[in-house]
Amino acid sequence: MPILFLVIFVVMGSFAMLLPSIMFVLKNLGASEAWATPILASYSFAQFLTGPSWGKLSDRLGRKPVLIVGLTLAAAAYGFIAFFADSVVHMHIGLVLAGACAGNSAVLYAAVTDITGNEGRARGMGMMGAGVGLAFTVGPAIGAVLSGVSAQAADITAPAGLSMVACLVGACVVAVFLRETLDADKSETQFDGTGRVAALIRVSEKPALMQLAVAMCLFTLALAMMEAIMSYLMNVRHGWGPKDLGVMFSYFGVILIVVQGGLVGRLARRFGEEKLTLAGVSMMGAGLAILALSASTLGVFIGLGFISAGTGIYNTSVLAVASYNSGELGRGLTMGVFQSMQALGRSLGPLIVGVLYLVQHELPLFIGCVIMAVLLIWMVVIFRRLHQGKVDAERPNLG
């Protein structure tokens with residue numbers, strides 16, 4: 001597990017190091033806000049598309065060789081961004097290649113299922129989530145130091161170059177220290193070959209569970225819209241550059257780690273996951289409203305505090321609710337669908353947010369508030385349907 005934790009940290013941290021400067025670099029290269037945000041989304045969309053292919057390949061060849069190949073190719077992608085991405089088109093190509101390689105993270109989650117039993121699987125997945133949270137805390141902080149002091153002077157060469165080195169080191173660590181986790185004699189540890197569409201069809205057999213997955217997509221979409229415009233919005237409002245954004249992203253990540261690292265577990269035992277899910281939606285909506293309406297730096301950090309805590313509470317709680325209600329579908333299939341819906345929301349948000357930002361800078365945040373208001377009501381309905389489904393399943397058949 002420590003090696004897998006390190007690799008997920010490298011995979012996600014390599015991208016996170018680009019966040020403080022990438023939007024400014026795209027703008028300096030000539031991309032408008034309406035074009036820059038979809039270009040950023042291409043990373044997540046490529047990751048979303050390639051995940052199943054990496055997973056299936058690892059079923060045939062083993063986890064270790066596929067991880068080594070993926071990390072090596074990722075190093076090449078970041079090297080391309082660092083040394084050859086001197087135009088918007090080249091930057092777009094580099095992000096697509098890096099995102100396609102990041103789809104390799106599906107192999108890491110498969111490796112966790114290889115080495116953990118049912119009782120330890122939640123803990124293993126929790127460790128991977130902590131690795132992602134740590135990556136998005138440390139990565140932006142390092143990237144901010146290397147990216148330049150102002151938006152006009154933003155440079156991506158140094159952070160992308162360090163990402164390249166990190167991926168190469170990760171590949172070497174896997175090659176030397178990771179033992180192959182896939183046991184060909186244990187078919188339950190392998191992917192069953194179910195593609196994303198087929199998995200969605202199976203989950204849709206439980207309408208309330210499918211609605212919960214769609215709700216996950218919408219929540220992530222609102223979060224992704226906020227993240228995509230923060231660079232431009234904070235630069236316009238407060239003159240922030242890469243270093244300031246590095247502090248902001250790190251602050252967001254620290255709260256996320258604290259919440260997901262233990263606080264949400266204690267709260268769940270006291271209040272239950274369903275109430276926490278509703279609380280997460282409410283905190284997200286409140287944070288977006290504060291961010292949209294407050295003109296002070298203090299307001300920015302208060303709003304981000306609510307958003308980060310709400311995100312950690314919602315994501316952890318809704319996945320727990322989904323796992324409890326997966327039934328005969330299996331937790332693996334259900335978690336795969338929910339992760340896919342998260343990736344879809346993270347891809348779709350930046351695609352539309354650039355145009356909304358040009359209409360009115362705070363419009364994406366207000367739309368996010370509306371989404372949270374609708375979600376809050378819808379989640380109550382979904383929970384009632386889940387409970388009704390359990391009652392119907394337990395009712396004796398007198399026919």
# chains A, B, ... in the order shown; residues from 1 in each chain; ligands from 1

call {"tool": "residues_around", "arguments": {"residues": "region 10-17 of chain A", "least_positions_apart": "5", "cutoff": "8 Å", "atoms": "only C-alpha atoms", "output": "list in words"}}
result
Leu71, Ala102, Ser105, Val132, Ala135, Phe136, Val138, Gly139, Pro140, Ala141, Ile142, Gly143, Ala144, Pro159, Ala160, Leu162, Ser163, Met164, Ala166, Cys167 and Gly170 of chain A

call {"tool": "residues_around", "arguments": {"residues": "region 39-42 of chain A", "least_positions_apart": "2", "cutoff": "10 Å", "atoms": "only C-alpha atoms", "output": "PDB file with N, CA and C atoms, in the first residue's frame"}}
result
ATOM      1  N   LEU A  19      -1.495  23.733 -11.826  1.00  0.00           N
ATOM      2  CA  LEU A  19      -2.714  24.516 -11.598  1.00  0.00           C
ATOM      3  C   LEU A  19      -2.486  25.999 -11.324  1.00  0.00           C
ATOM      4  N   ILE A  22      -1.366  27.346 -15.172  1.00  0.00           N
ATOM      5  CA  ILE A  22      -1.834  26.872 -16.471  1.00  0.00           C
ATOM      6  C   ILE A  22      -2.821  27.835 -17.128  1.00  0.00           C
ATOM      7  N   MET A  23      -3.768  28.374 -16.361  1.00  0.00           N
ATOM      8  CA  MET A  23      -4.772  29.256 -16.962  1.00  0.00           C
ATOM      9  C   MET A  23      -4.147  30.576 -17.416  1.00  0.00           C
ATOM     10  N   LEU A  26      -2.110  29.839 -20.631  1.00  0.00           N
ATOM     11  CA  LEU A  26      -2.988  29.723 -21.803  1.00  0.00           C
ATOM     12  C   LEU A  26      -3.448  31.105 -22.273  1.00  0.00           C
ATOM     13  N   ALA A  31      -5.160  32.342 -25.723  1.00  0.00           N
ATOM     14  CA  ALA A  31      -6.464  31.703 -25.552  1.00  0.00           C
ATOM     15  C   ALA A  31      -7.372  32.594 -24.709  1.00  0.00           C
ATOM     16  N   GLU A  33     -10.804  33.236 -22.280  1.00  0.00           N
ATOM     17  CA  GLU A  33     -11.356  32.452 -21.185  1.00  0.00           C
ATOM     18  C   GLU A  33     -12.289  31.360 -21.702  1.00  0.00           C
ATOM     19  N   ALA A  34     -13.023  31.670 -22.783  1.00  0.00           N
ATOM     20  CA  ALA A  34     -13.966  30.707 -23.340  1.00  0.00           C
ATOM     21  C   ALA A  34     -13.256  29.491 -23.928  1.00  0.00           C
ATOM     22  N   TRP A  35     -11.997  29.668 -24.369  1.00  0.00           N
ATOM     23  CA  TRP A  35     -11.229  28.552 -24.926  1.00  0.00           C
ATOM     24  C   TRP A  35     -10.327  27.903 -23.897  1.00  0.00           C
ATOM     25  N   ALA A  36      -9.803  28.683 -22.964  1.00  0.00           N
ATOM     26  CA  ALA A  36      -8.849  28.146 -21.992  1.00  0.00           C
ATOM     27  C   ALA A  36      -9.491  27.095 -21.089  1.00  0.00           C
ATOM     28  N   THR A  37     -10.717  27.348 -20.645  1.00  0.00           N
ATOM     29  CA  THR A  37     -11.352  26.393 -19.730  1.00  0.00           C
ATOM     30  C   THR A  37     -11.650  25.043 -20.393  1.00  0.00           C
ATOM     31  N   SER A  44      -9.076  16.097 -17.878  1.00  0.00           N
ATOM     32  CA  SER A  44     -10.006  15.227 -17.161  1.00  0.00           C
ATOM     33  C   SER A  44     -10.789  14.337 -18.113  1.00  0.00           C
ATOM     34  N   PHE A  45     -11.153  14.887 -19.280  1.00  0.00           N
ATOM     35  CA  PHE A  45     -11.934  14.094 -20.234  1.00  0.00           C
ATOM     36  C   PHE A  45     -11.098  12.946 -20.788  1.00  0.00           C
ATOM     37  N   ALA A  46      -9.826  13.207 -21.073  1.00  0.00           N
ATOM     38  CA  ALA A  46      -8.945  12.135 -21.553  1.00  0.00           C
ATOM     39  C   ALA A  46      -8.757  11.073 -20.481  1.00  0.00           C
ATOM     40  N   GLN A  47      -8.642  11.506 -19.226  1.00  0.00           N
ATOM     41  CA  GLN A  47      -8.525  10.563 -18.120  1.00  0.00           C
ATOM     42  C   GLN A  47      -9.791   9.717 -18.007  1.00  0.00           C
ATOM     43  N   PHE A  48     -10.934  10.345 -18.167  1.00  0.00           N
ATOM     44  CA  PHE A  48     -12.220   9.651 -18.105  1.00  0.00           C
ATOM     45  C   PHE A  48     -12.331   8.583 -19.196  1.00  0.00           C
ATOM     46  N   VAL A  88      -1.014  27.472 -28.033  1.00  0.00           N
ATOM     47  CA  VAL A  88      -2.235  26.931 -27.431  1.00  0.00           C
ATOM     48  C   VAL A  88      -2.474  25.500 -27.902  1.00  0.00           C
ATOM     49  N   VAL A  89      -2.248  25.251 -29.189  1.00  0.00           N
ATOM     50  CA  VAL A  89      -2.457  23.909 -29.735  1.00  0.00           C
ATOM     51  C   VAL A  89      -1.519  22.901 -29.082  1.00  0.00           C
ATOM     52  N   MET A  91      -0.090  23.158 -26.173  1.00  0.00           N
ATOM     53  CA  MET A  91      -0.468  22.997 -24.771  1.00  0.00           C
ATOM     54  C   MET A  91      -1.661  22.049 -24.657  1.00  0.00           C
ATOM     55  N   HIS A  92      -2.601  22.198 -25.589  1.00  0.00           N
ATOM     56  CA  HIS A  92      -3.775  21.324 -25.596  1.00  0.00           C
ATOM     57  C   HIS A  92      -3.356  19.871 -25.815  1.00  0.00           C
ATOM     58  N   ILE A  93      -2.476  19.646 -26.769  1.00  0.00           N
ATOM     59  CA  ILE A  93      -1.981  18.295 -27.046  1.00  0.00           C
ATOM     60  C   ILE A  93      -1.307  17.706 -25.807  1.00  0.00           C
ATOM     61  N   GLY A  94      -0.483  18.512 -25.142  1.00  0.00           N
ATOM     62  CA  GLY A  94       0.217  18.040 -23.962  1.00  0.00           C
ATOM     63  C   GLY A  94      -0.727  17.656 -22.837  1.00  0.00           C
ATOM     64  N   LEU A  95      -1.778  18.463 -22.620  1.00  0.00           N
ATOM     65  CA  LEU A  95      -2.741  18.155 -21.562  1.00  0.00           C
ATOM     66  C   LEU A  95      -3.539  16.898 -21.875  1.00  0.00           C
ATOM     67  N   VAL A  96      -3.906  16.719 -23.149  1.00  0.00           N
ATOM     68  CA  VAL A  96      -4.623  15.501 -23.540  1.00  0.00           C
ATOM     69  C   VAL A  96      -3.747  14.270 -23.292  1.00  0.00           C
ATOM     70  N   LEU A  97      -2.476  14.346 -23.681  1.00  0.00           N
ATOM     71  CA  LEU A  97      -1.566  13.215 -23.472  1.00  0.00           C
ATOM     72  C   LEU A  97      -1.375  12.932 -21.978  1.00  0.00           C
ATOM     73  N   ALA A  98      -1.206  13.985 -21.184  1.00  0.00           N
ATOM     74  CA  ALA A  98      -1.029  13.789 -19.744  1.00  0.00           C
ATOM     75  C   ALA A  98      -2.289  13.206 -19.118  1.00  0.00           C
ATOM     76  N   GLY A  99      -3.460  13.677 -19.547  1.00  0.00           N
ATOM     77  CA  GLY A  99      -4.715  13.147 -19.020  1.00  0.00           C
ATOM     78  C   GLY A  99      -4.922  11.690 -19.400  1.00  0.00           C
ATOM     79  N   ALA A 100      -4.570  11.353 -20.650  1.00  0.00           N
ATOM     80  CA  ALA A 100      -4.695   9.959 -21.090  1.00  0.00           C
ATOM     81  C   ALA A 100      -3.819   9.044 -20.235  1.00  0.00           C
ATOM     82  N   ALA A 224     -16.227  21.914 -10.325  1.00  0.00           N
ATOM     83  CA  ALA A 224     -15.277  22.103 -11.427  1.00  0.00           C
ATOM     84  C   ALA A 224     -15.433  23.478 -12.072  1.00  0.00           C
ATOM     85  N   ALA A 228     -12.318  26.161 -12.260  1.00  0.00           N
ATOM     86  CA  ALA A 228     -11.815  26.586 -13.559  1.00  0.00           C
ATOM     87  C   ALA A 228     -11.712  28.099 -13.693  1.00  0.00           C
ATOM     88  N   LEU A 344     -16.885  12.653 -15.186  1.00  0.00           N
ATOM     89  CA  LEU A 344     -17.701  13.316 -16.204  1.00  0.00           C
ATOM     90  C   LEU A 344     -18.039  14.740 -15.782  1.00  0.00           C
ATOM     91  N   ARG A 346     -16.335  16.606 -13.728  1.00  0.00           N
ATOM     92  CA  ARG A 346     -15.104  17.391 -13.765  1.00  0.00           C
ATOM     93  C   ARG A 346     -14.710  17.760 -15.190  1.00  0.00           C
ATOM     94  N   SER A 347     -15.158  16.958 -16.164  1.00  0.00           N
ATOM     95  CA  SER A 347     -14.873  17.249 -17.575  1.00  0.00           C
ATOM     96  C   SER A 347     -15.851  18.269 -18.140  1.00  0.00           C
ATOM     97  N   LEU A 348     -17.129  18.133 -17.784  1.00  0.00           N
ATOM     98  CA  LEU A 348     -18.162  18.994 -18.370  1.00  0.00           C
ATOM     99  C   LEU A 348     -18.125  20.410 -17.809  1.00  0.00           C
ATOM    100  N   GLY A 349     -17.792  20.554 -16.522  1.00  0.00           N
ATOM    101  CA  GLY A 349     -17.809  21.878 -15.904  1.00  0.00           C
ATOM    102  C   GLY A 349     -16.976  22.905 -16.643  1.00  0.00           C
ATOM    103  N   PRO A 350     -15.685  22.641 -16.864  1.00  0.00           N
ATOM    104  CA  PRO A 350     -14.850  23.632 -17.569  1.00  0.00           C
ATOM    105  C   PRO A 350     -15.247  23.848 -19.025  1.00  0.00           C
ATOM    106  N   LEU A 351     -15.974  22.903 -19.628  1.00  0.00           N
ATOM    107  CA  LEU A 351     -16.366  23.084 -21.028  1.00  0.00           C
ATOM    108  C   LEU A 351     -17.312  24.266 -21.215  1.00  0.00           C
ATOM    109  N   ILE A 352     -18.160  24.509 -20.217  1.00  0.00           N
ATOM    110  CA  ILE A 352     -19.179  25.550 -20.365  1.00  0.00           C
ATOM    111  C   ILE A 352     -18.877  26.808 -19.558  1.00  0.00           C
TER     112      ILE A 352
END

call {"tool": "closest_residue", "arguments": {"among": "A:Leu18, A:Val370, A:Val355, A:Leu200", "to": "Gly246 (chain A)", "atoms": "only C-alpha atoms"}}
result
A:Leu18

call {"tool": "closest_residue", "arguments": {"among": "A:Gln342, A:Thr181, A:Ser21, A:Thr50", "to": "Val149 (chain A)", "atoms": "only C-alpha atoms"}}
result
A:Ser21

call {"tool": "closest_residue", "arguments": {"among": "A:Val66, A:Leu263, A:Ile81, A:Leu61", "to": "Thr157 (chain A)", "atoms": "only C-alpha atoms"}}
result
A:Ile81

call {"tool": "atom_distance", "arguments": {"atom1": "CA of Phe383 (chain A)", "atom2": "CA of Pro207 (chain A)"}}
result
11.6 Å

call {"tool": "closest_residue", "arguments": {"among": "A:Met225, A:Ala111, A:Val169, A:Met230", "to": "Pro38 (chain A)", "atoms": "only C-alpha atoms"}}
result
A:Met225

call {"tool": "residues_around", "arguments": {"residues": "Val374 (chain A)", "least_positions_apart": "5", "cutoff": "10 Å", "atoms": "only C-alpha atoms", "output": "list in words"}}
result
Ala215, Val281, Gly368, Cys369 and Met379 of chain A

call {"tool": "write_last_selection", "arguments": {"atoms": "C-alpha atoms", "output": "PDB file, in the first residue's frame"}}
result
ATOM      1  CA  ALA A 215     -26.368  13.921  -8.330  1.00  0.00           C
ATOM      2  CA  VAL A 281     -24.630  20.168  -0.303  1.00  0.00           C
ATOM      3  CA  GLY A 368     -23.541  26.522  -8.841  1.00  0.00           C
ATOM      4  CA  CYS A 369     -25.711  27.863  -6.001  1.00  0.00           C
ATOM      5  CA  MET A 379     -31.351  14.303  -2.411  1.00  0.00           C
TER       6      MET A 379
END

call {"tool": "closest_residue", "arguments": {"among": "A:Val258, A:Val203, A:Ala295, A:Ala85", "to": "Thr311 (chain A)", "atoms": "only C-alpha atoms"}}
result
A:Val258

call {"tool": "atom_distance", "arguments": {"atom1": "CA of Arg202 (chain A)", "atom2": "CA of Met341 (chain A)"}}
result
14.4 Å

call {"tool": "residues_around", "arguments": {"residues": "Met283 (chain A)", "least_positions_apart": "6", "cutoff": "7 Å", "atoms": "only C-alpha atoms", "output": "MDAnalysis selection string"}}
result
chainID A and resid 306:307 310

call {"tool": "write_last_selection", "arguments": {"atoms": "C-alpha atoms", "output": "CSV table (one decimal), in the first residue's frame"}}
result
chain,number,residue,atom,x,y,z
A,306,PHE,CA,-17.2,26.0,3.3
A,307,ILE,CA,-16.7,24.7,-0.3
A,310,GLY,CA,-18.7,20.6,2.0

call {"tool": "select_by_dssp", "arguments": {"residues": "region 49-200 of chain A", "states": "alpha helix (DSSP H)", "output": "JSON, numbers by chain"}}
result
{"A": [49, 50, 51, 52, 53, 54, 55, 56, 57, 58, 59, 60, 61, 63, 64, 65, 66, 67, 68, 69, 70, 71, 72, 73, 74, 75, 76, 77, 78, 79, 80, 81, 82, 83, 84, 88, 89, 90, 91, 92, 93, 94, 95, 96, 97, 98, 99, 100, 101, 102, 105, 106, 107, 108, 109, 110, 111, 112, 113, 114, 115, 118, 119, 120, 121, 122, 123, 124, 125, 126, 127, 128, 129, 130, 131, 132, 133, 134, 135, 136, 137, 138, 139, 140, 141, 142, 143, 144, 145, 146, 157, 158, 159, 160, 161, 162, 163, 164, 165, 166, 167, 168, 169, 170, 171, 172, 173, 174, 175, 176, 177, 196, 197, 198, 199, 200]}

call {"tool": "atom_distance", "arguments": {"atom1": "CA of Ala292 (chain A)", "atom2": "CA of Leu376 (chain A)"}}
result
19.5 Å

call {"tool": "closest_residue", "arguments": {"among": "A:Ala82, A:Ala154, A:Val247, A:Leu67", "to": "Tyr109 (chain A)", "atoms": "only C-alpha atoms"}}
result
A:Leu67

call {"tool": "residues_around", "arguments": {"residues": "Val107 (chain A)", "least_positions_apart": "6", "cutoff": "10 Å", "atoms": "only C-alpha atoms", "output": "ChimeraX atom specification"}}
result
/A:4,51-59,62-64,66-67,70,113
